[in-house]
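Asks: Here you go, input-v6.json (JSON, C-alpha atoms):
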[["chain", "number", "residue", "atom", "x", "y", "z"],
["I", 1438, "MET", "CA", 42.40, 18.24, 7.35],
["I", 1439, "PRO", "CA", 45.93, 17.47, 8.31],
["I", 1440, "PHE", "CA", 48.66, 19.07, 6.20],
["I", 1441, "GLY", "CA", 52.07, 17.88, 5.17],
["I", 1442, "GLU", "CA", 53.13, 14.28, 5.57],
["I", 1443, "LYS", "CA", 51.48, 12.49, 8.47],
["I", 1444, "THR", "CA", 50.76, 8.89, 9.32],
["I", 1445, "ASP", "CA", 47.29, 7.47, 8.93],
["I", 1446, "ALA", "CA", 45.58, 5.61, 11.77],
["I", 1447, "ASP", "CA", 47.52, 2.45, 10.83],
["I", 1448, "GLY", "CA", 50.89, 4.21, 10.83],
["I", 1449, "ALA", "CA", 51.32, 4.41, 7.04],
["I", 1450, "PRO", "CA", 52.66, 7.73, 5.71],
["I", 1451, "ILE", "CA", 50.35, 9.88, 3.62],
["I", 1452, "ASP", "CA", 51.04, 13.26, 2.03],
["I", 1453, "PHE", "CA", 47.97, 15.36, 2.79],
["I", 1454, "ASP", "CA", 49.25, 18.21, 0.65],
["I", 1455, "GLU", "CA", 48.89, 15.85, -2.31],
["I", 1456, "VAL", "CA", 45.40, 14.82, -1.19],
["I", 1457, "TYR", "CA", 44.51, 18.50, -1.10],
["I", 1458, "ASP", "CA", 46.22, 19.45, -4.38],
["I", 1459, "TYR", "CA", 45.07, 16.48, -6.47],
["I", 1460, "LEU", "CA", 41.73, 15.49, -4.94],
["I", 1461, "ILE", "CA", 40.07, 18.15, -2.81],
["I", 1462, "LYS", "CA", 41.03, 21.34, -4.61],
["I", 1463, "PRO", "CA", 40.25, 20.17, -8.18],
["I", 1464, "ALA", "CA", 36.95, 18.59, -7.09],
["I", 1465, "ALA", "CA", 35.75, 21.86, -5.55],
["I", 1466, "GLU", "CA", 37.17, 24.06, -8.30],
["I", 1467, "ALA", "CA", 35.21, 22.00, -10.84],
["I", 1468, "LEU", "CA", 32.14, 23.66, -9.28],
["I", 1469, "ASP", "CA", 33.75, 27.12, -9.32],
["I", 1470, "LEU", "CA", 34.12, 27.06, -5.53],
["I", 1471, "GLN", "CA", 36.92, 29.07, -4.01],
["I", 1472, "VAL", "CA", 39.11, 26.59, -2.15],
["I", 1473, "ILE", "CA", 40.84, 27.73, 1.04],
["I", 1474, "ARG", "CA", 43.01, 25.79, 3.45],
["I", 1475, "ALA", "CA", 43.90, 27.92, 6.46],
["I", 1476, "ASP", "CA", 47.58, 27.00, 6.50],
["I", 1477, "ARG", "CA", 47.90, 28.33, 2.93],
["I", 1478, "VAL", "CA", 46.46, 31.78, 3.60],
["I", 1479, "ALA", "CA", 49.33, 34.18, 2.84],
["I", 1480, "LYS", "CA", 49.06, 36.68, 5.67],
["I", 1481, "ALA", "CA", 50.31, 37.25, 9.16],
["I", 1482, "GLY", "CA", 48.14, 36.38, 12.12],
["I", 1483, "TRP", "CA", 46.67, 33.48, 13.93],
["I", 1484, "VAL", "CA", 45.92, 30.51, 11.62],
["I", 1485, "HIS", "CA", 43.27, 29.22, 14.07],
["I", 1486, "ALA", "CA", 41.20, 32.38, 13.76],
["I", 1487, "ASP", "CA", 41.19, 32.07, 9.96],
["I", 1488, "MET", "CA", 40.41, 28.37, 10.22],
["I", 1489, "LEU", "CA", 37.39, 28.92, 12.47],
["I", 1490, "SER", "CA", 36.15, 31.75, 10.28],
["I", 1491, "HIS", "CA", 36.29, 29.53, 7.21],
["I", 1492, "ILE", "CA", 34.68, 26.60, 9.04],
["I", 1493, "VAL", "CA", 31.72, 28.78, 9.95],
["I", 1494, "ASN", "CA", 31.37, 30.84, 6.79],
["I", 1495, "ALA", "CA", 32.24, 28.39, 4.02],
["I", 1496, "GLU", "CA", 29.39, 27.31, 1.81],
["I", 1497, "ALA", "CA", 30.87, 23.80, 1.87],
["I", 1498, "ALA", "CA", 33.50, 22.03, 3.96],
["I", 1499, "ILE", "CA", 35.48, 18.89, 3.23],
["I", 1500, "VAL", "CA", 36.76, 17.08, 6.31],
["I", 1501, "ASP", "CA", 39.46, 14.39, 6.01],
["I", 1502, "ILE", "CA", 39.22, 11.99, 8.96],
["I", 1503, "THR", "CA", 42.03, 9.68, 7.81],
["I", 1504, "THR", "CA", 44.34, 10.31, 10.78],
["I", 1505, "LEU", "CA", 41.52, 10.13, 13.34],
["I", 1506, "ASN", "CA", 43.05, 13.37, 14.65],
["I", 1507, "ALA", "CA", 41.30, 15.06, 17.57],
["I", 1508, "ASN", "CA", 41.80, 18.50, 15.99],
["I", 1509, "VAL", "CA", 39.96, 17.43, 12.84],
["I", 1510, "PHE", "CA", 37.04, 16.08, 14.87],
["I", 1511, "TYR", "CA", 36.97, 19.26, 16.95],
["I", 1512, "GLU", "CA", 36.73, 21.30, 13.73],
["I", 1513, "LEU", "CA", 34.01, 18.96, 12.43],
["I", 1514, "GLY", "CA", 32.08, 19.50, 15.67],
["I", 1515, "VAL", "CA", 32.37, 23.27, 15.30],
["I", 1516, "ARG", "CA", 31.12, 23.01, 11.72],
["I", 1517, "HIS", "CA", 28.16, 20.82, 12.67],
["I", 1518, "ALA", "CA", 27.26, 23.12, 15.57],
["I", 1519, "LEU", "CA", 27.32, 26.28, 13.46],
["I", 1520, "ARG", "CA", 26.29, 25.19, 9.93],
["I", 1521, "ARG", "CA", 23.43, 22.96, 8.78],
["I", 1522, "SER", "CA", 25.16, 21.89, 5.55],
["I", 1523, "VAL", "CA", 27.28, 21.10, 3.28],
["I", 1524, "THR", "CA", 29.94, 19.08, 5.10],
["I", 1525, "VAL", "CA", 31.52, 16.16, 3.27],
["I", 1526, "LEU", "CA", 33.61, 13.62, 5.16],
["I", 1527, "ILE", "CA", 36.43, 11.84, 3.34],
["I", 1528, "ARG", "CA", 38.97, 9.22, 4.38],
["I", 1529, "LYS", "CA", 41.71, 7.09, 2.93],
["I", 1530, "LYS", "CA", 40.18, 3.75, 2.06],
["I", 1531, "GLY", "CA", 40.36, 1.38, 5.02],
["I", 1532, "THR", "CA", 40.32, 4.03, 7.76],
["I", 1533, "LYS", "CA", 38.06, 3.03, 10.63],
["I", 1534, "VAL", "CA", 35.15, 5.42, 11.15],
["I", 1535, "PRO", "CA", 34.65, 6.30, 14.83],
["I", 1536, "PHE", "CA", 31.25, 5.56, 16.38],
["I", 1537, "ASN", "CA", 30.11, 9.18, 16.70],
["I", 1538, "VAL", "CA", 30.41, 9.80, 12.96],
["I", 1539, "SER", "CA", 29.67, 6.27, 11.75],
["I", 1540, "GLY", "CA", 26.17, 7.26, 10.65],
["I", 1541, "PHE", "CA", 27.49, 9.83, 8.19],
["I", 1542, "ARG", "CA", 28.35, 9.04, 4.61],
["I", 1543, "VAL", "CA", 32.12, 9.06, 4.21],
["I", 1544, "LEU", "CA", 33.73, 9.17, 0.80],
["I", 1545, "ASP", "CA", 36.69, 6.81, 0.46],
["I", 1546, "TYR", "CA", 39.73, 7.68, -1.58],
["I", 1547, "GLY", "CA", 42.76, 5.67, -2.62],
["I", 1548, "LEU", "CA", 46.24, 6.92, -3.33],
["I", 1549, "SER", "CA", 46.67, 5.47, -6.82],
["I", 1550, "LEU", "CA", 46.00, 7.76, -9.77],
["I", 1551, "LYS", "CA", 42.95, 5.74, -10.81],
["I", 1552, "GLU", "CA", 41.49, 5.70, -7.29],
["I", 1553, "ALA", "CA", 42.15, 9.41, -6.77],
["I", 1554, "ALA", "CA", 40.48, 10.26, -10.10],
["I", 1555, "GLU", "CA", 37.41, 8.23, -9.13],
["I", 1556, "ALA", "CA", 37.27, 9.87, -5.69],
["I", 1557, "LYS", "CA", 37.62, 13.33, -7.26],
["I", 1558, "LYS", "CA", 34.62, 12.61, -9.50],
["I", 1559, "TRP", "CA", 32.56, 11.47, -6.51],
["I", 1560, "LEU", "CA", 33.66, 14.36, -4.32],
["I", 1561, "THR", "CA", 32.54, 16.83, -6.98],
["I", 1562, "GLU", "CA", 29.16, 15.06, -7.10],
["I", 1563, "TYR", "CA", 28.81, 15.07, -3.29],
["I", 1564, "LEU", "CA", 29.52, 18.80, -3.20],
["I", 1565, "ASP", "CA", 27.27, 19.61, -6.15],
["I", 1566, "ASN", "CA", 24.36, 17.55, -4.82],
["I", 1567, "GLY", "CA", 24.74, 19.02, -1.35],
["I", 1568, "LEU", "CA", 24.85, 22.59, -2.61],
["I", 1569, "LYS", "CA", 21.84, 22.08, -4.89],
["I", 1570, "ALA", "CA", 19.75, 20.34, -2.23],
["I", 1571, "GLY", "CA", 20.71, 22.57, 0.69],
["I", 1572, "ALA", "CA", 19.73, 19.66, 2.91],
["I", 1573, "ASN", "CA", 20.78, 19.46, 6.52],
["I", 1574, "ASP", "CA", 23.76, 17.15, 7.06],
["I", 1575, "SER", "CA", 24.50, 18.20, 10.65],
["I", 1576, "LEU", "CA", 23.53, 15.85, 13.45],
["I", 1577, "VAL", "CA", 23.25, 18.87, 15.75],
["I", 1578, "TYR", "CA", 20.59, 20.50, 13.55],
["I", 1579, "SER", "CA", 18.85, 17.16, 13.03],
["I", 1580, "VAL", "CA", 18.44, 16.78, 16.78],
["I", 1581, "PHE", "CA", 17.72, 20.49, 17.34],
["I", 1582, "PRO", "CA", 15.97, 21.60, 14.12],
["I", 1583, "ASN", "CA", 14.97, 25.00, 15.54],
["I", 1584, "LEU", "CA", 18.44, 25.84, 16.81],
["I", 1585, "THR", "CA", 19.60, 29.35, 15.96],
["I", 1586, "VAL", "CA", 23.10, 30.65, 16.31],
["I", 1587, "SER", "CA", 23.78, 34.33, 16.80],
["I", 1588, "MET", "CA", 27.21, 35.70, 16.08]]
Give the structure from this file in structure tokens form.

Replies:
Amino acid sequence: MPFGEKTDADGAPIDFDEVYDYLIKPAAEALDLQVIRADRVAKAGWVHADMLSHIVNAEAAIVDITTLNANVFYELGVRHALRRSVTVLIRKKGTKVPFNVSGFRVLDYGLSLKEAAEAKKWLTEYLDNGLKAGANDSLVYSVFPNLTVSM
């Protein structure tokens, strides 16, 4: 996800630290998941290495596509190539979903307190259902069901 204040695809400002702190983190913590955002890891070193490690090794990933940022889609592609599940896509309500991910369920969130609370409830359910089912949500593994990755 982006971090700090950025503009969404329509040019409106959005504080992604707030989206993380008030939506993503509490939704995952409600399931006793450890929540890590690579820019908040308190250590020296290359943030990209930590980010890729978490993308590959995390039991679940939440991907915010609100800014339609190429980096976010790159990270989503890495996740889908290396993990069969659980990857939940979220976006600020009204964000256009690009063609290549338009077949995926995307959880909408709003920025009002009421909308954020509703989205948090749904995000917790998406994560919980995905973790319980263990179902494939990667297009890569749907197309190549016998794909194995060695690391």

Asks: Considering only C-alpha atoms, state which residue in the set I:Glu1466, I:Glu1496, I:Asp1501, I:Asp1487 is at the smallest distance from I:Asp1445.

Replies: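 Closest residue, counting only C-alpha atoms: I:Asp1501.
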
Asks: Distance atom CA of I:Val1493-atom CA of I:Arg1521, one decimal place?

Replies: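 Distance reported for this atom pair: 10.2 Å.
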
Asks: Pick out the closest residue to I:Gln1471 from this set: I:Met1438, I:Leu1513, I:Ala1446, I:Ala1497. Count only C-alpha atoms.

Replies: I:Ala1497

Asks: So, with only C-alpha atoms as the atoms that count, which of I:Ile1502, I:Val1577, I:Leu1568, I:Leu1560 lies closest to I:Ala1464?

Replies: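 Using only C-alpha atoms, I:Ala1464 sits closest to I:Leu1560.
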
Asks: Between atom CA of I:Ala1518 and atom CA of I:Asp1454, what is the distance, to one decimal in Å?

Replies: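 Going from atom CA of I:Ala1518 over to atom CA of I:Asp1454 covers 27.0 Å.
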
Asks: Please indicate the distance in Å from atom CA of I:Ser1549 to atom CA of I:Lys1530, rounded to one decimal place.

Replies: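 A separation of 11.1 Å between them.
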
Asks: So which one's closest to I:Tyr1546, I:Ile1527, I:Ala1449, I:Leu1564, I:Ile1461? Using only C-alpha atoms, please.

Replies: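 Checking each candidate against I:Tyr1546, we get I:Ile1527 as the closest.
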
Asks: Restricting the calculation to all atoms listed in the file: of I:Glu1555, I:Leu1548, I:Pro1439, I:Asp1574, which residue gets closest to I:Phe1510?

Replies: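 Once distances to I:Phe1510 are computed over all atoms listed in the file, the minimum belongs to I:Pro1439.
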
Asks: Identify, on the basis of only C-alpha atoms, every residue whose closest approach to I:Asp1565 does not exceed 12 Å; exclude the query and any residue fewer than 5 positions from it along the same chain; express the result as JSON, numbers by chain.

Replies: {"I": [1464, 1465, 1466, 1467, 1468, 1469, 1470, 1496, 1497, 1523, 1524, 1525, 1558, 1559, 1560, 1570, 1571, 1572]}

Asks: Quick one: residues within 10 Å of I:Glu1455, all atoms listed in the file counted, chain neighbours fewer than 3 positions away excluded, as a PyMOL selection string?

Replies: chain I and resi 1440-1442+1451-1452+1458-1462+1548

Asks: Calculated over all atoms listed in the file, which of the candidates I:Arg1520, I:Thr1504, I:Glu1512, I:Val1456 has the smallest distance to I:Ser1587?

Replies: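 Ranking I:Arg1520, I:Thr1504, I:Glu1512, I:Val1456 by distance to I:Ser1587, first place goes to I:Arg1520.
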